[in-house]
file final.cif (mmCIF, C-alpha atoms)
data_target
#
loop_
_atom_site.label_atom_id
_atom_site.label_comp_id
_atom_site.auth_asym_id
_atom_site.auth_seq_id
_atom_site.Cartn_x
_atom_site.Cartn_y
_atom_site.Cartn_z
CA MET A 1445 0.00 0.00 0.00
CA LEU A 1446 2.87 2.41 0.69
CA VAL A 1447 3.90 2.17 -2.96
CA ILE A 1448 0.44 3.25 -4.12
CA VAL A 1449 0.18 5.98 -1.50
CA GLY A 1450 3.65 7.27 -2.35
CA LEU A 1451 2.92 7.51 -6.08
CA ILE A 1452 -0.38 9.25 -5.42
CA VAL A 1453 1.39 11.78 -3.17
CA VAL A 1454 4.06 12.45 -5.83
CA ILE A 1455 1.63 12.94 -8.72
CA GLY A 1456 -0.96 14.73 -6.58
CA SER A 1457 1.61 17.18 -5.22
CA VAL A 1458 2.99 18.01 -8.66
CA LEU A 1459 -0.40 18.47 -10.28
CA GLY A 1460 -1.81 20.25 -7.23
CA GLY A 1461 1.02 22.80 -7.25
CA TYR A 1462 0.60 23.24 -10.99
CA ILE A 1463 -3.10 23.96 -10.59
CA MET A 1464 -2.40 26.41 -7.76
CA HIS A 1465 -0.27 28.34 -10.27
CA HIS A 1466 -3.40 28.48 -12.45
CA GLY A 1467 -2.07 25.86 -14.83
CA GLN A 1468 -4.47 24.04 -17.12
CA ILE A 1469 -4.44 20.24 -16.93
CA GLY A 1470 -5.54 19.98 -20.55
CA ILE A 1471 -2.23 21.42 -21.76
CA LEU A 1472 -0.38 18.52 -20.12
CA VAL A 1473 -2.35 15.94 -22.09
CA GLN A 1474 -0.09 15.64 -25.11
CA VAL A 1475 -0.65 12.23 -26.63
CA SER A 1476 2.22 12.60 -29.08
CA GLU A 1477 4.66 13.30 -26.23
CA PHE A 1478 3.36 10.27 -24.31
CA LEU A 1479 3.85 8.14 -27.41
CA ILE A 1480 7.42 9.31 -28.00
CA ILE A 1481 8.55 8.88 -24.41
CA GLY A 1482 6.58 5.72 -23.61
CA GLY A 1483 7.40 4.03 -26.91
CA ALA A 1484 11.09 4.90 -26.72
CA ALA A 1485 11.33 3.66 -23.12
CA LEU A 1486 9.52 0.42 -23.92
CA GLY A 1487 11.63 -0.20 -27.02
CA ALA A 1488 14.87 0.45 -25.17
CA THR A 1489 13.78 -1.88 -22.37
CA LEU A 1490 12.96 -4.68 -24.82
CA ALA A 1491 16.20 -4.16 -26.73
CA GLY A 1492 18.47 -4.03 -23.69
CA ASN A 1493 17.14 -6.83 -21.51
CA SER A 1494 16.35 -10.52 -21.70
CA PRO A 1495 12.69 -11.56 -22.08
CA SER A 1496 12.73 -13.06 -18.58
CA ALA A 1497 14.02 -9.79 -17.09
CA VAL A 1498 11.34 -7.75 -18.86
CA LYS A 1499 8.64 -10.16 -17.73
CA ALA A 1500 9.98 -10.13 -14.17
CA SER A 1501 9.97 -6.33 -14.07
CA PHE A 1502 6.25 -6.23 -14.93
CA GLN A 1503 5.36 -9.06 -12.56
CA ARG A 1504 7.31 -7.67 -9.62
CA THR A 1505 5.98 -4.16 -10.17
CA MET A 1506 2.43 -5.50 -9.98
CA ALA A 1507 3.37 -7.60 -6.92
CA LEU A 1508 4.43 -4.42 -5.11
CA MET A 1509 0.79 -3.37 -4.99
CA LYS A 1510 0.06 -6.34 -2.70
CA GLY A 1511 2.58 -5.25 -0.09
CA ASN A 1512 5.56 -7.07 1.39
CA PRO A 1513 4.54 -10.63 2.38
CA PHE A 1514 7.61 -11.18 4.58
CA THR A 1515 6.09 -9.89 7.79
CA LYS A 1516 6.58 -10.82 11.42
CA LYS A 1517 3.57 -13.12 11.13
CA ALA A 1518 5.08 -14.87 8.09
CA TYR A 1519 8.33 -15.53 9.94
CA ALA A 1520 6.44 -16.78 13.00
CA GLU A 1521 4.63 -19.26 10.75
CA LEU A 1522 7.93 -20.31 9.16
CA LEU A 1523 9.60 -21.00 12.50
CA THR A 1524 6.58 -23.02 13.65
CA MET A 1525 6.67 -25.07 10.46
CA LEU A 1526 10.40 -25.72 10.80
CA HIS A 1527 9.99 -26.94 14.36
CA GLU A 1528 7.21 -29.34 13.37
CA VAL A 1529 9.26 -30.73 10.48
CA PHE A 1530 12.42 -31.15 12.54
CA ALA A 1531 10.51 -32.70 15.45
CA LEU A 1532 8.90 -35.16 13.03
CA THR A 1533 12.30 -36.30 11.75
CA LYS A 1534 13.66 -36.69 15.28
CA ARG A 1535 10.70 -38.87 16.15
CA ASP A 1536 10.20 -40.90 12.95
CA GLY A 1537 13.45 -40.44 11.05
CA LEU A 1538 14.38 -38.44 7.95
CA LEU A 1539 12.45 -40.80 5.68
CA ALA A 1540 9.22 -39.52 7.24
CA LEU A 1541 9.69 -36.33 5.19
CA GLU A 1542 10.00 -38.07 1.84
CA LYS A 1543 6.28 -38.09 1.02
CA HIS A 1544 5.98 -34.43 2.02
CA VAL A 1545 8.88 -33.07 -0.04
CA GLU A 1546 8.07 -35.12 -3.14
CA ASN A 1547 4.86 -33.13 -3.60
CA PRO A 1548 4.97 -30.31 -1.03
CA HIS A 1549 1.93 -28.43 -2.34
CA GLU A 1550 -0.20 -31.53 -1.71
CA SER A 1551 1.33 -32.28 1.69
CA GLU A 1552 -1.07 -32.05 4.62
CA LEU A 1553 1.85 -30.96 6.78
CA PHE A 1554 2.76 -27.95 4.61
CA LYS A 1555 -0.86 -27.01 3.89
CA LYS A 1556 -1.11 -25.84 7.49
CA TYR A 1557 1.35 -23.06 6.62
CA PRO A 1558 -0.15 -21.11 3.69
CA THR A 1559 2.34 -18.22 3.76
CA PHE A 1560 5.17 -20.68 3.26
CA THR A 1561 3.44 -22.76 0.56
CA ARG A 1562 2.57 -19.63 -1.45
CA ASN A 1563 6.29 -18.86 -1.70
CA HIS A 1564 7.25 -21.24 -4.50
CA HIS A 1565 10.96 -20.38 -4.34
CA ALA A 1566 11.10 -21.11 -0.61
CA VAL A 1567 9.16 -24.36 -0.98
CA ALA A 1568 11.48 -25.56 -3.76
CA PHE A 1569 14.55 -24.46 -1.79
CA PHE A 1570 13.42 -26.36 1.30
CA ALA A 1571 12.13 -29.46 -0.49
CA ASP A 1572 15.20 -29.83 -2.72
CA THR A 1573 17.53 -29.53 0.27
CA ILE A 1574 15.65 -32.22 2.18
CA LYS A 1575 15.80 -34.45 -0.92
CA VAL A 1576 19.58 -33.99 -1.07
CA LEU A 1577 19.85 -34.94 2.60
CA LEU A 1578 17.63 -37.97 1.99
CA SER A 1579 19.85 -39.13 -0.86
CA GLY A 1580 22.97 -38.81 1.26
CA ALA A 1581 24.69 -37.19 -1.71
CA ILE A 1582 26.34 -34.44 0.29
CA GLU A 1583 28.15 -34.15 3.59
CA PRO A 1584 26.58 -31.74 6.12
CA HIS A 1585 29.69 -29.56 6.17
CA HIS A 1586 29.36 -28.99 2.39
CA LEU A 1587 25.66 -28.19 2.59
CA GLY A 1588 26.25 -24.55 3.58
CA GLU A 1589 28.31 -23.89 0.45
CA MET A 1590 25.64 -25.39 -1.78
CA LEU A 1591 22.86 -23.37 -0.14
CA ASP A 1592 24.93 -20.17 -0.37
CA VAL A 1593 25.18 -20.66 -4.14
CA ASP A 1594 21.42 -21.23 -4.38
CA VAL A 1595 20.59 -18.13 -2.32
CA GLU A 1596 23.03 -15.99 -4.31
CA GLN A 1597 21.56 -17.10 -7.64
CA HIS A 1598 18.03 -16.43 -6.45
CA HIS A 1599 19.04 -12.98 -5.23
CA GLU A 1600 20.56 -12.14 -8.61
CA GLU A 1601 17.35 -13.21 -10.34
CA ALA A 1602 15.16 -11.29 -7.88
CA MET A 1603 17.22 -8.12 -8.46
CA GLU A 1604 16.68 -8.17 -12.24
CA ALA A 1605 13.43 -6.22 -12.01
CA SER A 1606 15.07 -3.51 -9.93
CA HIS A 1607 17.92 -3.20 -12.44
CA VAL A 1608 15.53 -2.94 -15.40
CA LEU A 1609 13.51 -0.19 -13.72
CA ALA A 1610 16.65 1.65 -12.62
CA LYS A 1611 18.01 1.70 -16.17
CA SER A 1612 14.65 2.90 -17.51
CA SER A 1613 14.63 5.63 -14.86
CA ASP A 1614 18.10 6.78 -15.91
CA ALA A 1615 17.00 6.97 -19.56
CA MET A 1616 13.71 8.79 -19.04
CA PRO A 1617 15.09 12.37 -18.81
CA GLY A 1618 16.92 11.74 -22.11
CA PHE A 1619 13.74 10.54 -23.80
CA GLY A 1620 11.99 13.62 -22.40
CA ILE A 1621 14.60 15.80 -24.09
CA VAL A 1622 14.11 13.90 -27.36
CA ALA A 1623 10.38 14.59 -27.19
CA ALA A 1624 11.03 18.25 -26.36
CA VAL A 1625 13.50 18.68 -29.24
CA LEU A 1626 11.04 17.17 -31.68
CA GLY A 1627 8.42 19.58 -30.35
CA VAL A 1628 10.78 22.48 -30.96
CA VAL A 1629 11.38 21.23 -34.51
CA VAL A 1630 7.64 21.30 -35.11
CA THR A 1631 7.43 24.76 -33.54
CA MET A 1632 10.19 26.14 -35.79
CA GLY A 1633 8.28 24.84 -38.78
CA SER A 1634 5.36 27.04 -37.74
CA ILE A 1635 7.39 30.08 -36.71
CA ALA A 1636 5.46 32.32 -39.06
CA GLY A 1637 2.17 31.44 -37.39
CA ALA A 1638 0.22 33.30 -34.74
CA ALA A 1639 1.85 33.83 -31.34
CA ALA A 1640 -0.84 31.78 -29.58
CA GLU A 1641 -0.22 28.85 -31.93
CA ILE A 1642 3.54 29.01 -31.40
CA GLY A 1643 3.06 29.26 -27.63
CA ALA A 1644 0.87 26.15 -27.62
CA LYS A 1645 3.51 24.19 -29.56
CA VAL A 1646 6.30 25.30 -27.21
CA ALA A 1647 4.17 24.28 -24.23
CA ALA A 1648 3.59 20.87 -25.79
CA ALA A 1649 7.34 20.46 -26.34
CA LEU A 1650 8.10 21.32 -22.71
CA VAL A 1651 5.60 18.71 -21.56
CA GLY A 1652 8.01 16.10 -22.92
CA THR A 1653 10.83 17.29 -20.66
CA PHE A 1654 8.48 17.53 -17.69
CA LEU A 1655 7.09 14.06 -18.25
CA GLY A 1656 10.50 12.43 -18.68
CA ILE A 1657 11.86 13.91 -15.43
CA LEU A 1658 8.69 13.16 -13.46
CA LEU A 1659 8.56 9.54 -14.59
CA ALA A 1660 12.27 9.09 -13.88
CA TYR A 1661 12.46 10.46 -10.36
CA GLY A 1662 8.84 10.29 -9.25
CA VAL A 1663 7.76 6.87 -10.55
CA LEU A 1664 10.42 4.53 -11.95
CA SER A 1665 13.19 5.26 -9.45
CA PRO A 1666 10.93 4.66 -6.40
CA LEU A 1667 9.57 1.48 -8.02
CA SER A 1668 13.13 0.28 -8.60
CA GLN A 1669 13.98 0.88 -4.94
CA ALA A 1670 10.80 -0.89 -3.83
CA CYS A 1671 11.65 -3.92 -6.00
CA GLU A 1672 15.14 -3.97 -4.49
CA ILE A 1673 13.70 -3.98 -0.97
CA GLN A 1674 11.34 -6.79 -1.95
CA ALA A 1675 14.23 -8.81 -3.42
CA LYS A 1676 16.27 -8.36 -0.24
CA SER A 1677 13.27 -9.50 1.82
CA GLU A 1678 12.96 -12.66 -0.28
CA THR A 1679 16.66 -13.35 0.17
CA ALA A 1680 16.42 -12.82 3.93
CA TYR A 1681 13.58 -15.37 4.07
CA LEU A 1682 15.71 -17.93 2.23
CA ILE A 1683 18.66 -17.21 4.52
CA CYS A 1684 16.43 -17.96 7.51
CA LEU A 1685 15.58 -21.31 5.92
CA LYS A 1686 19.23 -21.94 5.09
CA VAL A 1687 20.40 -21.36 8.65
CA ALA A 1688 17.76 -23.74 9.99
CA LEU A 1689 18.59 -26.44 7.44
CA ILE A 1690 22.32 -26.28 8.16
CA ALA A 1691 21.70 -26.62 11.89
CA PHE A 1692 19.32 -29.50 11.21
CA ALA A 1693 21.88 -31.24 8.97
CA ASN A 1694 24.42 -30.93 11.77
CA ASP A 1695 22.03 -32.92 13.98
CA GLU A 1696 21.05 -30.06 16.26
CA ALA A 1697 17.91 -30.44 18.37
CA PRO A 1698 14.73 -29.06 16.70
CA MET A 1699 14.50 -26.14 19.11
CA THR A 1700 18.17 -25.29 18.62
CA ALA A 1701 17.86 -25.33 14.83
CA VAL A 1702 14.79 -23.10 14.99
CA GLU A 1703 16.54 -20.73 17.38
CA PHE A 1704 19.42 -20.40 14.91
CA ALA A 1705 16.84 -19.45 12.29
CA ARG A 1706 15.09 -16.99 14.59
CA ARG A 1707 18.36 -15.18 15.33
CA SER A 1708 18.96 -14.71 11.59
CA ILE A 1709 15.75 -12.67 11.18
CA GLU A 1710 15.92 -8.88 11.02
CA PRO A 1711 15.30 -7.55 14.57
CA GLY A 1712 12.40 -5.34 13.48
CA ILE A 1713 10.28 -8.33 12.42
CA ARG A 1714 11.80 -11.02 14.65
CA ILE A 1715 9.53 -12.64 17.23
CA SER A 1716 10.94 -13.01 20.72
CA PHE A 1717 12.00 -16.32 22.23
CA THR A 1718 9.01 -16.17 24.57
CA GLU A 1719 6.64 -15.63 21.63
CA LEU A 1720 8.22 -18.58 19.86
CA GLU A 1721 7.75 -20.80 22.90
CA MET A 1722 4.08 -19.81 23.10
CA LEU A 1723 3.57 -20.64 19.42
CA LEU A 1724 5.18 -24.05 19.84
CA LYS A 1725 3.02 -24.78 22.88
CA GLU A 1726 -0.08 -23.92 20.85
CA GLN A 1727 1.23 -26.19 18.09
CA LYS A 1728 1.55 -29.10 20.51
CA GLY A 1729 -1.90 -28.37 21.88
CA ASN A 1730 -3.36 -28.73 18.43
#
call {"tool": "encode", "arguments": {"input": "final.cif", "output": "structure tokens"}}
result
Amino acid sequence: MLVIVGLIVVIGSVLGGYIMHHGQIGILVQVSEFLIIGGAALGATLAGNSPSAVKASFQRTMALMKGNPFTKKAYAELLTMLHEVFALTKRDGLLALEKHVENPHESELFKKYPTFTRNHHAVAFFADTIKVLLSGAIEPHHLGEMLDVDVEQHHEEAMEASHVLAKSSDAMPGFGIVAAVLGVVVTMGSIAGAAAEIGAKVAAALVGTFLGILLAYGVLSPLSQACEIQAKSETAYLICLKVALIAFANDEAPMTAVEFARRSIEPGIRISFTELEMLLKEQKGN
């Protein structure tokens, strides 16, 4: 919601101040300028990025409107899930997880934790790691290196949208100048016309510069920063999982492994040890 509110404040403040100066909104509606700037920006984005990066930039921009899912409540659910999984393996052995990780979205165990199951990257990260441990294909002391590589690759992919938007933001003032120059060219072609006609054409040309700068610093740059924050939040969630899995692979007690994970969470959204104990007691009660 903050993304939407922020954009409304930016656009509302600019247009509100313009109107207070007795500006006419109709003058700002220059379809040709919109076409030049928007088309040039879109074309440059398509030409300079991979299809997956372009797709990710649109998807992640739309996802921003839903807010950040990695809240204190989401982490509390994650820690509860981890404790149940680790306690199950201590009681029934690692093979007890096989049926759950083979098809995690159909698992009755994971269905109890909807925030986790909706995060497809986290589910795949967790399930694949458990499968590796089940196969015995890797020693516990090498597991951390493997998970670090996985987290790093995911972070690079998650940051693609932010990079695409940042590059578009950097280019927008230039496209605004292109639109303005073309408007001046048109104006010079009508230099012999009436003063009012020439003034209208100059105003239309200046709209291009205005629009390019506003979109760069008032829209695309904030969206790029928001996508970066979202990507870092996703990475932090995976790191929490990674820490728990490494502790689990080193045969730590379920509570110890979960406590390692809890300590890896950003303090602002980290539940306290007492809150974790209460959640686990409620889990046992159910």
call {"tool": "residues_around", "arguments": {"input": "final.cif", "residues": "Ala1660 of chain A", "least_positions_apart": "2", "cutoff": "12 Å", "atoms": "only C-alpha atoms", "output": "MDAnalysis selection string"}}
result
chainID A and resid 1454 1481:1482 1485 1609:1620 1653:1658 1662:1668
call {"tool": "closest_residue", "arguments": {"input": "final.cif", "among": "A:Thr1559, A:Glu1641, A:Tyr1661, A:Ile1448", "to": "Lys1516 of chain A", "atoms": "only C-alpha atoms"}}
result
A:Thr1559
call {"tool": "resolve_selection", "arguments": {"input": "final.cif", "expression": "the PyMOL selection byres ((chain A and resi 1693) around 9)", "output": "list of chain:residue names"}}
result
A:Leu1577, A:Glu1583, A:Pro1584, A:His1585, A:Leu1587, A:Ala1688, A:Leu1689, A:Ile1690, A:Ala1691, A:Phe1692, A:Asn1694, A:Asp1695, A:Glu1696
call {"tool": "write_last_selection", "arguments": {"input": "final.cif", "atoms": "C-alpha atoms", "output": "PDB file, in the frame of the given file"}}
result
ATOM      1  CA  LEU A1577      19.850 -34.940   2.600  1.00  0.00           C
ATOM      2  CA  GLU A1583      28.150 -34.150   3.590  1.00  0.00           C
ATOM      3  CA  PRO A1584      26.580 -31.740   6.120  1.00  0.00           C
ATOM      4  CA  HIS A1585      29.690 -29.560   6.170  1.00  0.00           C
ATOM      5  CA  LEU A1587      25.660 -28.190   2.590  1.00  0.00           C
ATOM      6  CA  ALA A1688      17.760 -23.740   9.990  1.00  0.00           C
ATOM      7  CA  LEU A1689      18.590 -26.440   7.440  1.00  0.00           C
ATOM      8  CA  ILE A1690      22.320 -26.280   8.160  1.00  0.00           C
ATOM      9  CA  ALA A1691      21.700 -26.620  11.890  1.00  0.00           C
ATOM     10  CA  PHE A1692      19.320 -29.500  11.210  1.00  0.00           C
ATOM     11  CA  ASN A1694      24.420 -30.930  11.770  1.00  0.00           C
ATOM     12  CA  ASP A1695      22.030 -32.920  13.980  1.00  0.00           C
ATOM     13  CA  GLU A1696      21.050 -30.060  16.260  1.00  0.00           C
TER      14      GLU A1696
END
call {"tool": "residues_around", "arguments": {"input": "final.cif", "residues": "Ile1713 of chain A", "least_positions_apart": "6", "cutoff": "10 Å", "atoms": "all atoms listed in the file", "output": "JSON, numbers by chain"}}
result
{"A": [1514, 1515, 1516, 1517, 1518, 1519, 1520]}
call {"tool": "resolve_selection", "arguments": {"input": "final.cif", "expression": "the PyMOL selection byres ((chain A and resi 1683) around 9)", "output": "number ranges by chain"}}
result
A: 1591-1592, 1595, 1678-1682, 1684-1688, 1705, 1708-1709
call {"tool": "closest_residue", "arguments": {"input": "final.cif", "among": "A:Leu1724, A:Ile1582, A:Val1629, A:Ala1624", "to": "Ala1649 of chain A", "atoms": "only C-alpha atoms"}}
result
A:Ala1624
call {"tool": "atom_distance", "arguments": {"input": "final.cif", "atom1": "atom CA of Ala1568 of chain A", "atom2": "atom CA of Ala1605 of chain A"}}
result
21.1 Å
call {"tool": "residues_around", "arguments": {"input": "final.cif", "residues": "segment 1561-1566 of chain A", "least_positions_apart": "6", "cutoff": "7 Å", "atoms": "all atoms listed in the file", "output": "JSON, numbers by chain"}}
result
{"A": [1549, 1554, 1555, 1682]}
call {"tool": "closest_residue", "arguments": {"input": "final.cif", "among": "A:Val1702, A:Leu1538, A:Ala1647, A:Ala1581", "to": "Gln1468 of chain A", "atoms": "only C-alpha atoms"}}
result
A:Ala1647
call {"tool": "atom_distance", "arguments": {"input": "final.cif", "atom1": "atom CA of Ala1701 of chain A", "atom2": "atom CA of Asp1536 of chain A"}}
result
17.5 Å
call {"tool": "residues_around", "arguments": {"input": "final.cif", "residues": "Met1632 of chain A", "least_positions_apart": "2", "cutoff": "12 Å", "atoms": "all atoms listed in the file", "output": "count of residues only"}}
result
16
call {"tool": "atom_distance", "arguments": {"input": "final.cif", "atom1": "atom CA of Thr1505 of chain A", "atom2": "atom CA of Gly1450 of chain A"}}
result
14.0 Å
call {"tool": "closest_residue", "arguments": {"input": "final.cif", "among": "A:Glu1703, A:Glu1550, A:Glu1710, A:Glu1672", "to": "Thr1524 of chain A", "atoms": "all atoms listed in the file"}}
result
A:Glu1703
call {"tool": "resolve_selection", "arguments": {"input": "final.cif", "expression": "the PyMOL selection byres ((chain A and resi 1542) around 12)", "output": "PDB file with C-alpha atoms, keeping the file's coordinate frame"}}
result
ATOM      1  CA  VAL A1529       9.260 -30.730  10.480  1.00  0.00           C
ATOM      2  CA  LEU A1532       8.900 -35.160  13.030  1.00  0.00           C
ATOM      3  CA  THR A1533      12.300 -36.300  11.750  1.00  0.00           C
ATOM      4  CA  ASP A1536      10.200 -40.900  12.950  1.00  0.00           C
ATOM      5  CA  GLY A1537      13.450 -40.440  11.050  1.00  0.00           C
ATOM      6  CA  LEU A1538      14.380 -38.440   7.950  1.00  0.00           C
ATOM      7  CA  LEU A1539      12.450 -40.800   5.680  1.00  0.00           C
ATOM      8  CA  ALA A1540       9.220 -39.520   7.240  1.00  0.00           C
ATOM      9  CA  LEU A1541       9.690 -36.330   5.190  1.00  0.00           C
ATOM     10  CA  LYS A1543       6.280 -38.090   1.020  1.00  0.00           C
ATOM     11  CA  HIS A1544       5.980 -34.430   2.020  1.00  0.00           C
ATOM     12  CA  VAL A1545       8.880 -33.070  -0.040  1.00  0.00           C
ATOM     13  CA  GLU A1546       8.070 -35.120  -3.140  1.00  0.00           C
ATOM     14  CA  ASN A1547       4.860 -33.130  -3.600  1.00  0.00           C
ATOM     15  CA  PRO A1548       4.970 -30.310  -1.030  1.00  0.00           C
ATOM     16  CA  SER A1551       1.330 -32.280   1.690  1.00  0.00           C
ATOM     17  CA  LEU A1553       1.850 -30.960   6.780  1.00  0.00           C
ATOM     18  CA  ALA A1571      12.130 -29.460  -0.490  1.00  0.00           C
ATOM     19  CA  ASP A1572      15.200 -29.830  -2.720  1.00  0.00           C
ATOM     20  CA  THR A1573      17.530 -29.530   0.270  1.00  0.00           C
ATOM     21  CA  ILE A1574      15.650 -32.220   2.180  1.00  0.00           C
ATOM     22  CA  LYS A1575      15.800 -34.450  -0.920  1.00  0.00           C
ATOM     23  CA  VAL A1576      19.580 -33.990  -1.070  1.00  0.00           C
ATOM     24  CA  LEU A1577      19.850 -34.940   2.600  1.00  0.00           C
ATOM     25  CA  LEU A1578      17.630 -37.970   1.990  1.00  0.00           C
ATOM     26  CA  SER A1579      19.850 -39.130  -0.860  1.00  0.00           C
TER      27      SER A1579
END
call {"tool": "closest_residue", "arguments": {"input": "final.cif", "among": "A:His1607, A:Lys1556, A:His1465, A:Lys1534", "to": "Cys1671 of chain A", "atoms": "all atoms listed in the file"}}
result
A:His1607
call {"tool": "closest_residue", "arguments": {"input": "final.cif", "among": "A:Ala1507, A:Leu1446, A:Val1458, A:Thr1718", "to": "Leu1472 of chain A", "atoms": "all atoms listed in the file"}}
result
A:Val1458
